[in-house]
Structures are given as structure tokens and as C-alpha cells.
$ cat entry-v7.cif   # mmCIF, C-alpha atoms and all ligand atoms
data_structure
loop_
_atom_site.label_atom_id
_atom_site.label_comp_id
_atom_site.auth_asym_id
_atom_site.auth_seq_id
_atom_site.Cartn_x
_atom_site.Cartn_y
_atom_site.Cartn_z
CA MET K 807 17.31 -4.98 13.96
CA SER K 808 13.74 -5.70 12.82
CA PRO K 809 13.28 -8.44 10.24
CA ARG K 810 13.68 -7.11 6.70
CA VAL K 811 10.25 -6.66 5.22
CA ILE K 812 10.23 -6.85 1.43
CA THR K 813 6.89 -6.09 -0.15
CA VAL K 814 6.30 -7.52 -3.61
CA ALA K 815 3.99 -5.08 -5.35
CA ASN K 816 2.60 -4.17 -8.75
CA GLN K 817 -1.04 -3.21 -9.22
CA LYS K 818 -1.13 -5.19 -12.45
CA GLY K 819 -2.23 -8.79 -12.19
CA GLY K 820 -0.32 -11.67 -13.73
CA VAL K 821 3.13 -10.05 -13.68
CA GLY K 822 4.79 -12.62 -11.41
CA LYS K 823 4.33 -11.20 -7.89
CA THR K 824 3.18 -14.44 -6.33
CA THR K 825 5.67 -16.59 -8.24
CA THR K 826 8.41 -14.25 -7.04
CA ALA K 827 7.26 -14.22 -3.40
CA ILE K 828 7.11 -18.04 -3.28
CA ASN K 829 10.35 -18.82 -5.08
CA LEU K 830 12.43 -15.99 -3.72
CA GLY K 831 11.23 -16.98 -0.25
CA THR K 832 12.26 -20.57 -0.90
CA ALA K 833 15.66 -19.55 -2.26
CA LEU K 834 16.32 -17.32 0.76
CA SER K 835 15.38 -20.10 3.16
CA ALA K 836 17.62 -22.52 1.25
CA VAL K 837 20.62 -20.40 2.23
CA GLY K 838 19.63 -20.45 5.88
CA GLN K 839 17.38 -17.41 6.22
CA ARG K 840 14.20 -17.74 8.26
CA VAL K 841 11.43 -16.48 6.00
CA LEU K 842 7.77 -15.62 6.47
CA VAL K 843 5.62 -15.15 3.36
CA VAL K 844 2.56 -13.04 4.11
CA ASP K 845 -0.28 -13.60 1.65
CA MET K 846 -2.15 -10.28 1.37
CA ASP K 847 -4.16 -11.24 -1.71
CA PRO K 848 -7.73 -12.49 -1.08
CA GLN K 849 -7.19 -14.86 -4.02
CA GLY K 850 -4.74 -16.76 -1.82
CA ASN K 851 -2.42 -17.93 -4.60
CA ALA K 852 0.71 -17.73 -2.46
CA SER K 853 -0.95 -19.91 0.18
CA THR K 854 -2.05 -22.50 -2.40
CA GLY K 855 1.33 -22.43 -4.12
CA LEU K 856 3.02 -23.15 -0.79
CA GLY K 857 0.78 -26.14 -0.21
CA VAL K 858 -1.80 -24.62 2.13
CA GLY K 859 -5.14 -25.43 0.50
CA ARG K 860 -8.33 -23.53 1.31
CA ALA K 861 -9.57 -26.27 3.65
CA ASP K 862 -6.34 -26.12 5.69
CA ARG K 863 -6.52 -22.43 6.53
CA SER K 864 -7.63 -22.25 10.14
CA THR K 865 -5.68 -19.04 10.68
CA SER K 866 -5.20 -16.20 8.23
CA ILE K 867 -3.80 -12.74 7.67
CA TYR K 868 -7.32 -11.45 8.25
CA ASP K 869 -7.07 -12.56 11.90
CA VAL K 870 -3.83 -10.60 12.15
CA LEU K 871 -5.10 -7.43 10.46
CA SER K 872 -8.22 -7.41 12.59
CA GLY K 873 -5.99 -7.47 15.67
CA ASP K 874 -6.97 -10.89 17.02
CA MET K 875 -3.73 -12.76 16.37
CA GLY K 876 0.02 -12.27 16.02
CA LEU K 877 1.82 -13.12 12.79
CA ASP K 878 3.69 -15.88 14.59
CA GLU K 879 0.42 -17.45 15.76
CA ALA K 880 -1.14 -17.22 12.30
CA ALA K 881 1.92 -18.59 10.47
CA VAL K 882 1.89 -22.18 9.27
CA GLU K 883 4.79 -24.39 8.26
CA THR K 884 5.38 -25.37 4.64
CA ALA K 885 7.31 -28.21 3.01
CA VAL K 886 10.29 -25.85 2.83
CA PRO K 887 12.42 -25.83 6.01
CA ARG K 888 12.55 -22.35 7.62
CA LEU K 889 9.75 -21.04 5.36
CA HIS K 890 6.37 -20.24 6.90
CA VAL K 891 3.30 -18.64 5.39
CA VAL K 892 0.45 -16.62 6.81
CA PRO K 893 -2.39 -17.71 4.52
CA SER K 894 -5.12 -15.48 3.20
CA THR K 895 -8.82 -16.22 3.04
CA LEU K 896 -11.74 -14.52 1.32
CA ASP K 897 -12.48 -12.72 4.65
CA LEU K 898 -9.84 -10.31 3.47
CA LEU K 899 -12.29 -8.91 0.91
CA GLY K 900 -14.19 -7.27 3.77
CA PHE K 901 -11.13 -5.71 5.45
CA GLU K 902 -11.24 -2.33 3.72
CA GLN K 903 -14.93 -1.75 4.56
CA GLU K 904 -14.52 -2.92 8.14
CA VAL K 905 -11.63 -0.67 9.09
CA MET K 906 -12.72 2.37 7.09
CA GLY K 907 -13.22 4.53 10.18
CA ALA K 908 -10.19 3.25 12.12
CA ARG K 909 -7.33 5.72 12.49
CA ASP K 910 -4.68 2.98 12.45
CA ARG K 911 -6.13 1.24 9.38
CA ALA K 912 -2.96 1.62 7.31
CA PHE K 913 -0.68 0.38 10.11
CA ARG K 914 -2.23 -2.97 11.00
CA LEU K 915 0.46 -5.04 9.27
CA LYS K 916 3.28 -2.80 10.47
CA ARG K 917 2.16 -3.22 14.07
CA ALA K 918 2.05 -6.98 13.63
CA VAL K 919 5.57 -7.05 12.17
CA GLN K 920 6.90 -4.91 15.02
CA ALA K 921 5.34 -7.30 17.51
CA LEU K 922 7.59 -10.08 16.14
CA GLY K 923 10.53 -8.30 17.71
CA PRO K 924 14.03 -7.93 16.28
CA ALA K 925 15.45 -10.54 13.91
CA GLU K 926 18.10 -11.45 16.52
CA THR K 927 15.54 -12.77 19.00
CA GLY K 928 12.40 -13.13 16.86
CA PRO K 929 11.39 -15.95 14.54
CA TYR K 930 12.23 -14.42 11.13
CA ASP K 931 15.03 -12.77 9.16
CA TYR K 932 12.85 -11.87 6.17
CA VAL K 933 9.17 -11.16 5.77
CA LEU K 934 8.03 -11.22 2.13
CA VAL K 935 4.63 -9.68 1.53
CA ASP K 936 2.69 -10.77 -1.57
CA CYS K 937 0.27 -7.99 -2.60
CA PRO K 938 -3.05 -8.10 -4.45
CA PRO K 939 -3.21 -6.61 -7.97
CA SER K 940 -4.48 -3.27 -6.74
CA LEU K 941 -3.34 -0.16 -4.88
CA ASN K 942 -5.98 -0.71 -2.19
CA LEU K 943 -5.70 -0.54 1.60
CA LEU K 944 -4.13 -4.03 1.73
CA THR K 945 -1.28 -2.88 -0.52
CA ILE K 946 -0.98 0.36 1.49
CA ASN K 947 -0.63 -1.75 4.67
CA ALA K 948 2.04 -3.81 2.92
CA LEU K 949 3.95 -0.66 1.88
CA ALA K 950 3.58 0.99 5.29
CA ALA K 951 5.11 -2.11 6.92
CA ALA K 952 7.91 -2.53 4.38
CA SER K 953 11.61 -1.84 4.59
CA SER K 954 11.60 -1.89 0.81
CA VAL K 955 9.57 -2.71 -2.27
CA LEU K 956 10.37 -5.25 -4.93
CA VAL K 957 8.55 -4.68 -8.21
CA PRO K 958 8.13 -7.51 -10.74
CA LEU K 959 7.69 -6.21 -14.29
CA GLN K 960 6.55 -8.51 -17.04
CA CYS K 961 8.55 -8.23 -20.25
CA GLU K 962 5.64 -7.17 -22.46
CA PHE K 963 4.64 -4.07 -24.34
CA PHE K 964 2.77 -2.34 -21.52
CA ALA K 965 5.40 -3.10 -18.86
CA LEU K 966 6.23 0.52 -18.10
CA GLU K 967 2.64 1.64 -18.16
CA GLY K 968 1.47 1.63 -14.58
CA LEU K 969 5.00 1.72 -13.18
CA SER K 970 4.93 5.50 -12.72
CA GLN K 971 1.63 5.23 -10.84
CA LEU K 972 3.17 2.59 -8.58
CA LEU K 973 6.29 4.71 -8.00
CA GLN K 974 4.09 7.71 -7.14
CA THR K 975 2.21 5.60 -4.62
CA VAL K 976 5.51 4.46 -3.10
CA ASP K 977 6.64 8.11 -2.84
CA HIS K 978 3.36 9.10 -1.26
CA VAL K 979 3.56 6.29 1.33
CA LYS K 980 7.16 7.31 2.06
CA GLU K 981 6.12 10.93 2.68
CA THR K 982 3.05 10.18 4.76
CA LEU K 983 3.27 6.74 6.37
CA ASN K 984 6.75 5.22 6.15
CA PRO K 985 9.81 7.48 5.77
CA GLU K 986 12.13 4.42 5.72
CA LEU K 987 10.61 2.98 2.55
CA THR K 988 13.01 2.36 -0.35
CA ILE K 989 12.76 0.65 -3.72
CA HIS K 990 14.71 -2.56 -3.34
CA GLY K 991 14.64 -3.28 -7.03
CA ILE K 992 12.77 -4.12 -10.17
CA VAL K 993 12.84 -7.67 -11.46
CA LEU K 994 12.01 -8.43 -15.08
CA THR K 995 9.85 -11.53 -15.36
CA MET K 996 8.67 -13.90 -18.11
CA PHE K 997 11.55 -12.94 -20.34
CA ASP K 998 11.61 -14.78 -23.66
CA ARG K 999 14.93 -14.43 -25.44
CA ARG K 1000 13.47 -15.61 -28.75
CA ASN K 1001 11.08 -12.70 -28.70
CA ASN K 1002 12.49 -9.35 -29.87
CA LEU K 1003 9.86 -7.48 -27.92
CA SER K 1004 11.08 -9.03 -24.64
CA THR K 1005 14.61 -7.82 -25.39
CA GLN K 1006 13.36 -4.37 -26.37
CA VAL K 1007 11.33 -4.05 -23.15
CA MET K 1008 14.34 -5.18 -21.10
CA GLU K 1009 16.53 -2.51 -22.70
CA ASP K 1010 13.90 0.21 -22.25
CA VAL K 1011 13.34 -0.64 -18.59
CA ARG K 1012 17.09 -0.66 -17.91
CA GLU K 1013 17.49 2.68 -19.63
CA TYR K 1014 14.58 4.23 -17.74
CA MET K 1015 15.20 2.70 -14.28
CA GLY K 1016 18.98 2.21 -14.38
CA GLY K 1017 20.64 0.44 -11.46
CA ARG K 1018 17.34 -0.24 -9.76
CA VAL K 1019 16.79 -3.15 -12.15
CA TYR K 1020 18.33 -6.42 -10.94
CA GLU K 1021 20.90 -8.10 -13.18
CA THR K 1022 18.94 -11.32 -12.83
CA VAL K 1023 16.10 -11.68 -15.31
CA ILE K 1024 13.45 -14.36 -14.74
CA PRO K 1025 12.85 -16.31 -17.95
CA ARG K 1026 9.49 -17.53 -19.13
CA ASN K 1027 9.59 -21.12 -17.92
CA VAL K 1028 6.73 -23.60 -17.89
CA ARG K 1029 8.05 -25.32 -14.74
CA LEU K 1030 7.40 -22.10 -12.80
CA SER K 1031 3.76 -22.14 -13.86
CA GLU K 1032 3.29 -25.89 -13.27
CA ALA K 1033 4.69 -26.00 -9.74
CA PRO K 1034 1.75 -24.27 -7.94
CA SER K 1035 -0.69 -26.97 -9.07
CA PHE K 1036 1.43 -29.41 -7.03
CA GLY K 1037 1.35 -27.05 -4.04
CA LYS K 1038 5.12 -26.67 -4.28
CA PRO K 1039 7.58 -23.90 -5.00
CA ALA K 1040 9.35 -24.48 -8.34
CA LEU K 1041 12.58 -24.91 -6.36
CA LEU K 1042 11.14 -28.10 -4.81
CA TYR K 1043 9.39 -29.22 -7.97
CA ASP K 1044 12.41 -28.92 -10.27
CA ILE K 1045 15.48 -27.21 -8.86
CA ASN K 1046 17.37 -27.47 -12.15
CA CYS K 1047 14.86 -25.68 -14.36
CA THR K 1048 15.85 -22.26 -15.68
CA GLY K 1049 13.19 -20.56 -13.57
CA SER K 1050 14.41 -22.06 -10.27
CA GLN K 1051 18.01 -21.23 -11.13
CA ALA K 1052 17.05 -17.62 -11.88
CA TYR K 1053 15.30 -17.25 -8.50
CA ILE K 1054 18.40 -18.62 -6.77
CA ARG K 1055 20.49 -15.93 -8.50
CA LEU K 1056 17.92 -13.28 -7.60
CA ALA K 1057 18.12 -14.30 -3.93
CA SER K 1058 21.89 -13.92 -3.90
CA GLU K 1059 21.62 -10.51 -5.60
CA ILE K 1060 19.07 -9.47 -3.00
CA ILE K 1061 21.27 -10.56 -0.11
CA GLN K 1062 24.15 -8.54 -1.62
CA ARG K 1063 21.93 -5.47 -2.02
CA GLU K 1064 20.75 -5.91 1.57
CA ARG K 1065 24.37 -5.76 2.75
CA SER K 1066 25.00 -2.52 0.90
CA LEU K 1067 21.68 -1.04 2.07
CA ARG K 1068 22.65 -1.83 5.66
CA ALA K 1069 26.12 -0.43 5.25
CA ALA K 1070 24.73 2.81 3.74
P1 LIG K 1101 0.70 -12.08 -10.01
O1 LIG K 1101 0.86 -12.56 -8.61
O2 LIG K 1101 1.43 -10.81 -10.30
O3 LIG K 1101 -0.75 -11.99 -10.40
P2 LIG K 1101 1.67 -14.71 -10.80
O4 LIG K 1101 2.97 -14.90 -10.10
O5 LIG K 1101 0.47 -15.39 -10.21
O6 LIG K 1101 1.38 -13.16 -10.99
O7 LIG K 1101 1.86 -15.15 -12.32
C1 LIG K 1101 0.77 -15.12 -13.24
C2 LIG K 1101 0.75 -16.44 -14.02
O8 LIG K 1101 1.94 -16.56 -14.78
C3 LIG K 1101 0.70 -17.67 -13.14
O9 LIG K 1101 -0.07 -18.65 -13.78
C4 LIG K 1101 2.15 -18.10 -13.01
O10 LIG K 1101 2.28 -19.49 -12.79
C5 LIG K 1101 2.69 -17.70 -14.38
N1 LIG K 1101 4.11 -17.30 -14.32
C6 LIG K 1101 4.68 -16.41 -13.48
N2 LIG K 1101 5.98 -16.24 -13.76
C7 LIG K 1101 6.25 -17.04 -14.82
C8 LIG K 1101 7.42 -17.32 -15.60
N3 LIG K 1101 8.58 -16.71 -15.35
N4 LIG K 1101 7.31 -18.20 -16.62
C9 LIG K 1101 6.13 -18.80 -16.90
N5 LIG K 1101 5.01 -18.60 -16.21
C10 LIG K 1101 5.04 -17.72 -15.19
MG MG K 1102 -0.62 -12.92 -7.15
#
$ encode --input "entry-v7.cif" --output "C-alpha cells" --more "lines below"
Ligand code: ADP
Ligand code: MG
Amino acid sequence: MSPRVITVANQKGGVGKTTTAINLGTALSAVGQRVLVVDMDPQGNASTGLGVGRADRSTSIYDVLSGDMGLDEAAVETAVPRLHVVPSTLDLLGFEQEVMGARDRAFRLKRAVQALGPAETGPYDYVLVDCPPSLNLLTINALAAASSVLVPLQCEFFALEGLSQLLQTVDHVKETLNPELTIHGIVLTMFDRRNNLSTQVMEDVREYMGGRVYETVIPRNVRLSEAPSFGKPALLYDINCTGSQAYIRLASEIIQRERSLRAA
């Protein structure tokens, strides 16, 4: 079986995509999974947050998408055992223009993932793809390569706005590029239990999206936002903080959902 490719997507910025990719990746590797985080955002926040500064990026996802390098060659180790990252660089900004005329332009990441080979013999069990805040060709590549999509939703008033556009894009990719694509789940982020609006949004999203919403809710937690400035996942920075603990629960929920998806 190919590695499970979970694409973390939401075209809104600042909803917790990168925080989720980093900390979910860390929590999965902590329970023995071999994880590759692929940074598809030219801003490179996932790379920085995993300790790969701009000066240290001698390989990048751009090299992979342009066909010059395999994911395994472009991957670099992090401070987390079993967790590697393919960093992004600003070269990625030119990708869309450069491949405009190429027939395989939406399948560059998928081809690279397939080249890793099956999880049994290849280097990874999970590939987590961190998307840019846009529904551009980079996100389309990430969806075309995915087994499933994980959508972080911030617990704020406009949370549901934009979700239908994302779900339409997912449907469209499923019909045209990737018939296997499923919604893995929706994770509510930056939840503040002292704030009535957060609770209201949580209830609305659960009513509207039902069982697709994970039980685990990620609280607003300052440790989660501090950790990237130390180039560390929150799970290494402070494993006991509420944010780290929530990502550990999310990882176990995801592994359970994976089992039932495989059995189905
Ligand atoms: P995205 O990748 O969707 O743009 P980020 O994961 O970068 O979003 O999060 C946006 C900002 O909010 C970052 O500064 C991040 O550290 C912070 N952040 C994310 N999740 C939380 C949380 N649960 N609690 C507090 N701050 C958070
Ligand atoms: Mg991000």
C-alpha cells in the first residue's frame, strides 16, 4: 500500500494549517510512524517551524515539482525522530507560471509520491502536505496526490464561509484528477472556551458537517504559537501544554479513522 497522503488544506490564511501539519506530524512519529511533511507554501513556515531555516535549505519541494529530484532526496531530517521535511523556498512562487503549458502540471507531486514506493518497502507511512492559503496549482497538486484532505477551521465568525468553496474544489478534483480523494476530517482550531462565539461556531460546524468533524478540538494555546520561533514543534517545546496534548489526541483519532477507512 502507498503511504497515506493527508493534505492539510484551507484557502484561508491563519487558520492553523501549518501548526496542524507540524504537530500532527510530530505526534504521529511519536507513536512510531515514519512521517514526511511536505511544505507546499512558498512562505516556508512549516520548514522554519521544524527547524530548517532559510539558509539551510539546499534542497526544496521546488526541485521535486520541477522533476529534478525525488522526495526522498529532497527530504531533510528534523529534531523529531522519524519525521522528515521537504522544505519550501521562494522558487515555488514561479512554479505556476513555469508549468502552465505542461500537461502533467497537476500531477507533479502525485508522481513524486508514487516514486517513493509502497509504505511496506518505502521510507514513509504518512506524508502530510501543508498547503498555501490559496486554491492555486500548488494546492491542486496537493489534492491530486492526496488519499484524503484534512481541513482546519478556526473557531471564529467566518469559519464556515469559504468552506463550501473548498469542498467544491475537493469534489472537482475528485471528479477530474483523483477519484480516490476523501475528506479525512475537519479539525476545529483556536477554540477558546471562555468565548461564547467559539462555542457557537463549534456547534454550528458540528451541525452542518456532522461526523466529519473530529471529536478533538484544538484550543487556543500560546505555547503552540511560541514554539515555531524556537524552530521546534510544540510537542518538543512543551509536551504538557494543552495544545500539544490536543494534537496527541488528534493523532490517535486519525489513526483510528485510518483503520476504518482501510477496512471500508
Ligand atoms: P496557516 O498555516 O493556516 O496560515 P498557522 O498554523 O500558521 O496557520 O497559524 C496562524 C498563526 O496562529 C500562527 O502564528 C500560529 O502560531 C498561531 N496558531 C495556530 N494555532 C494556534 C492555536 N491553537 N493557539 C494559538 N495560536 C495558534
Ligand atoms: Mg501555513
$ residues_near_ligand --input "entry-v7.cif" --ligand "ligand MG 1102 (chain K)" --cutoff "7 Å" --atoms "all atoms listed in the file" --output "CSV table (one decimal) with C-alpha atoms, in the frame of the given file"
chain,number,residue,atom,x,y,z
K,819,GLY,CA,-2.2,-8.8,-12.2
K,820,GLY,CA,-0.3,-11.7,-13.7
K,822,GLY,CA,4.8,-12.6,-11.4
K,823,LYS,CA,4.3,-11.2,-7.9
K,824,THR,CA,3.2,-14.4,-6.3
K,847,ASP,CA,-4.2,-11.2,-1.7
K,851,ASN,CA,-2.4,-17.9,-4.6
K,852,ALA,CA,0.7,-17.7,-2.5
K,936,ASP,CA,2.7,-10.8,-1.6
K,937,CYS,CA,0.3,-8.0,-2.6
K,938,PRO,CA,-3.0,-8.1,-4.4
K,939,PRO,CA,-3.2,-6.6,-8.0
$ closest_atom_pairs --input "entry-v7.cif" --of "chain K" --to "ligand LIG 1101 (chain K)" --cutoff "7 Å" --atoms "all atoms listed in the file" --output "JSON lines"
{"residue": "K:Asn816", "atom": "CA", "partner": "K:LIG1101", "partner_atom": "O2", "distance": 6.9}
{"residue": "K:Lys818", "atom": "CA", "partner": "K:LIG1101", "partner_atom": "O2", "distance": 6.5}
{"residue": "K:Gly819", "atom": "CA", "partner": "K:LIG1101", "partner_atom": "O3", "distance": 4.0}
{"residue": "K:Gly820", "atom": "CA", "partner": "K:LIG1101", "partner_atom": "O3", "distance": 3.4}
{"residue": "K:Val821", "atom": "CA", "partner": "K:LIG1101", "partner_atom": "O2", "distance": 3.9}
{"residue": "K:Gly822", "atom": "CA", "partner": "K:LIG1101", "partner_atom": "O4", "distance": 3.2}
{"residue": "K:Lys823", "atom": "CA", "partner": "K:LIG1101", "partner_atom": "O2", "distance": 3.8}
{"residue": "K:Thr824", "atom": "CA", "partner": "K:LIG1101", "partner_atom": "O1", "distance": 3.8}
{"residue": "K:Thr825", "atom": "CA", "partner": "K:LIG1101", "partner_atom": "O4", "distance": 3.7}
{"residue": "K:Thr826", "atom": "CA", "partner": "K:LIG1101", "partner_atom": "O4", "distance": 6.3}
{"residue": "K:Asn851", "atom": "CA", "partner": "K:LIG1101", "partner_atom": "O5", "distance": 6.8}
{"residue": "K:Pro939", "atom": "CA", "partner": "K:LIG1101", "partner_atom": "O3", "distance": 6.4}
{"residue": "K:Thr995", "atom": "CA", "partner": "K:LIG1101", "partner_atom": "N3", "distance": 5.3}
{"residue": "K:Met996", "atom": "CA", "partner": "K:LIG1101", "partner_atom": "N3", "distance": 3.9}
{"residue": "K:Phe997", "atom": "CA", "partner": "K:LIG1101", "partner_atom": "N3", "distance": 6.9}
{"residue": "K:Ile1024", "atom": "CA", "partner": "K:LIG1101", "partner_atom": "N3", "distance": 5.4}
{"residue": "K:Pro1025", "atom": "CA", "partner": "K:LIG1101", "partner_atom": "N3", "distance": 5.0}
{"residue": "K:Arg1026", "atom": "CA", "partner": "K:LIG1101", "partner_atom": "N4", "distance": 3.4}
{"residue": "K:Asn1027", "atom": "CA", "partner": "K:LIG1101", "partner_atom": "N4", "distance": 3.9}
{"residue": "K:Val1028", "atom": "CA", "partner": "K:LIG1101", "partner_atom": "C9", "distance": 4.9}
{"residue": "K:Leu1030", "atom": "CA", "partner": "K:LIG1101", "partner_atom": "C9", "distance": 5.4}
{"residue": "K:Ser1031", "atom": "CA", "partner": "K:LIG1101", "partner_atom": "O10", "distance": 3.2}
{"residue": "K:Glu1032", "atom": "CA", "partner": "K:LIG1101", "partner_atom": "O10", "distance": 6.5}
{"residue": "K:Pro1034", "atom": "CA", "partner": "K:LIG1101", "partner_atom": "O10", "distance": 6.8}
{"residue": "K:Gly1049", "atom": "CA", "partner": "K:LIG1101", "partner_atom": "N3", "distance": 6.3}
$ closest_atom_pairs --input "entry-v7.cif" --of "region 862-964 of chain K" --to "region 999-1019 of chain K" --cutoff "9 Å" --atoms "all atoms listed in the file" --output "JSON lines"
{"residue": "K:Gln960", "atom": "CA", "partner": "K:Ser1004", "partner_atom": "CA", "distance": 8.9}
{"residue": "K:Cys961", "atom": "CA", "partner": "K:Ser1004", "partner_atom": "CA", "distance": 5.1}
{"residue": "K:Glu962", "atom": "CA", "partner": "K:Ser1004", "partner_atom": "CA", "distance": 6.1}
{"residue": "K:Phe963", "atom": "CA", "partner": "K:Val1007", "partner_atom": "CA", "distance": 6.8}
{"residue": "K:Phe964", "atom": "CA", "partner": "K:Val1007", "partner_atom": "CA", "distance": 8.9}
$ closest_atom_pairs --input "entry-v7.cif" --of "region 873-983 of chain K" --to "region 830-840 of chain K" --cutoff "6 Å" --atoms "only C-alpha atoms" --output "Markdown table"
| residue | atom | partner | partner_atom | distance |
| --- | --- | --- | --- | --- |
| K:Arg888 | CA | K:Arg840 | CA | 4.9 |
| K:Tyr930 | CA | K:Arg840 | CA | 4.8 |
| K:Asp931 | CA | K:Arg840 | CA | 5.1 |
$ atom_distance --input "entry-v7.cif" --atom1 "CA of Leu899 (chain K)" --atom2 "CA of Ala965 (chain K)"
27.2 Å
$ atom_distance --input "entry-v7.cif" --atom1 "CA of Leu973 (chain K)" --atom2 "CA of Met807 (chain K)"
26.4 Å
$ residues_near_point --input "entry-v7.cif" --point "(-0.7, -3.2, 10.7)" --cutoff "9 Å" --atoms "all atoms listed in the file" --output "PyMOL selection string"
chain K and resi 870-873+910-920+947-948+950-951
$ residues_near_point --input "entry-v7.cif" --point "(-3.1, -20.4, 18.6)" --cutoff "12 Å" --atoms "only C-alpha atoms" --output "PyMOL selection string"
chain K and resi 864-866+869-870+874-882
$ write_last_selection --input "entry-v7.cif" --atoms "C-alpha atoms" --output "mmCIF file, keeping the file's coordinate frame"
data_model
loop_
_atom_site.group_PDB
_atom_site.id
_atom_site.type_symbol
_atom_site.label_atom_id
_atom_site.label_comp_id
_atom_site.auth_asym_id
_atom_site.auth_seq_id
_atom_site.Cartn_x
_atom_site.Cartn_y
_atom_site.Cartn_z
ATOM 1 C CA SER K 864 -7.630 -22.250 10.140
ATOM 2 C CA THR K 865 -5.680 -19.040 10.680
ATOM 3 C CA SER K 866 -5.200 -16.200 8.230
ATOM 4 C CA ASP K 869 -7.070 -12.560 11.900
ATOM 5 C CA VAL K 870 -3.830 -10.600 12.150
ATOM 6 C CA ASP K 874 -6.970 -10.890 17.020
ATOM 7 C CA MET K 875 -3.730 -12.760 16.370
ATOM 8 C CA GLY K 876 0.020 -12.270 16.020
ATOM 9 C CA LEU K 877 1.820 -13.120 12.790
ATOM 10 C CA ASP K 878 3.690 -15.880 14.590
ATOM 11 C CA GLU K 879 0.420 -17.450 15.760
ATOM 12 C CA ALA K 880 -1.140 -17.220 12.300
ATOM 13 C CA ALA K 881 1.920 -18.590 10.470
ATOM 14 C CA VAL K 882 1.890 -22.180 9.270
#
$ residues_around --input "entry-v7.cif" --residues "Gly1037 (chain K)" --least-positions-apart "3" --cutoff "8 Å" --atoms "only C-alpha atoms" --output "NGL selection string"
:K and (854-858 or 1033-1034)
$ residues_around --input "entry-v7.cif" --residues "region 968-971 of chain K" --least-positions-apart "5" --cutoff "10 Å" --atoms "all atoms listed in the file" --output "VMD selection string"
chain K and resid 816 to 818 941 957 959 976 to 977
$ closest_residue --input "entry-v7.cif" --among "K:Ala952, K:Ala1069, K:Ala925, K:Ile867" --to "Val979 (chain K)" --atoms "only C-alpha atoms"
K:Ala952
$ atom_distance --input "entry-v7.cif" --atom1 "CA of Thr1048 (chain K)" --atom2 "CA of Thr813 (chain K)"
24.1 Å
$ closest_residue --input "entry-v7.cif" --among "K:Gly928, K:Glu904, K:Tyr1053, K:Leu1067" --to "Leu1041 (chain K)" --atoms "all atoms listed in the file"
K:Tyr1053
$ decode --input "entry-v7.cif" --residues "region 885-921 of chain K" --atoms "C-alpha atoms" --output "mmCIF file, in the first residue's frame"
data_model
loop_
_atom_site.group_PDB
_atom_site.id
_atom_site.type_symbol
_atom_site.label_atom_id
_atom_site.label_comp_id
_atom_site.auth_asym_id
_atom_site.auth_seq_id
_atom_site.Cartn_x
_atom_site.Cartn_y
_atom_site.Cartn_z
ATOM 1 C CA ALA K 885 14.938 17.114 15.615
ATOM 2 C CA VAL K 886 11.995 14.703 15.771
ATOM 3 C CA PRO K 887 12.974 11.047 15.213
ATOM 4 C CA ARG K 888 11.219 9.542 12.154
ATOM 5 C CA LEU K 889 9.992 12.977 10.989
ATOM 6 C CA HIS K 890 11.462 14.478 7.835
ATOM 7 C CA VAL K 891 10.529 17.618 5.937
ATOM 8 C CA VAL K 892 10.826 18.661 2.323
ATOM 9 C CA PRO K 893 11.395 22.401 2.724
ATOM 10 C CA SER K 894 9.973 25.085 0.507
ATOM 11 C CA THR K 895 11.776 28.087 -0.923
ATOM 12 C CA LEU K 896 10.597 31.227 -2.692
ATOM 13 C CA ASP K 897 11.360 29.472 -6.040
ATOM 14 C CA LEU K 898 7.951 27.951 -5.558
ATOM 15 C CA LEU K 899 6.364 31.302 -6.431
ATOM 16 C CA GLY K 900 7.404 30.749 -10.049
ATOM 17 C CA PHE K 901 6.070 27.180 -10.316
ATOM 18 C CA GLU K 902 2.617 28.006 -11.659
ATOM 19 C CA GLN K 903 3.973 30.217 -14.466
ATOM 20 C CA GLU K 904 6.687 27.747 -15.394
ATOM 21 C CA VAL K 905 4.490 24.693 -15.814
ATOM 22 C CA MET K 906 1.498 26.474 -17.322
ATOM 23 C CA GLY K 907 1.773 24.646 -20.641
ATOM 24 C CA ALA K 908 2.718 21.239 -19.206
ATOM 25 C CA ARG K 909 0.038 18.557 -19.482
ATOM 26 C CA ASP K 910 1.117 16.860 -16.244
ATOM 27 C CA ARG K 911 1.238 20.110 -14.257
ATOM 28 C CA ALA K 912 -1.341 18.979 -11.683
ATOM 29 C CA PHE K 913 0.328 15.587 -11.141
ATOM 30 C CA ARG K 914 3.885 16.562 -10.267
ATOM 31 C CA LEU K 915 3.507 15.840 -6.542
ATOM 32 C CA LYS K 916 1.484 12.681 -7.128
ATOM 33 C CA ARG K 917 4.197 11.283 -9.374
ATOM 34 C CA ALA K 918 6.810 12.044 -6.742
ATOM 35 C CA VAL K 919 4.787 10.308 -4.024
ATOM 36 C CA GLN K 920 4.284 7.245 -6.213
ATOM 37 C CA ALA K 921 8.021 7.095 -6.821
#
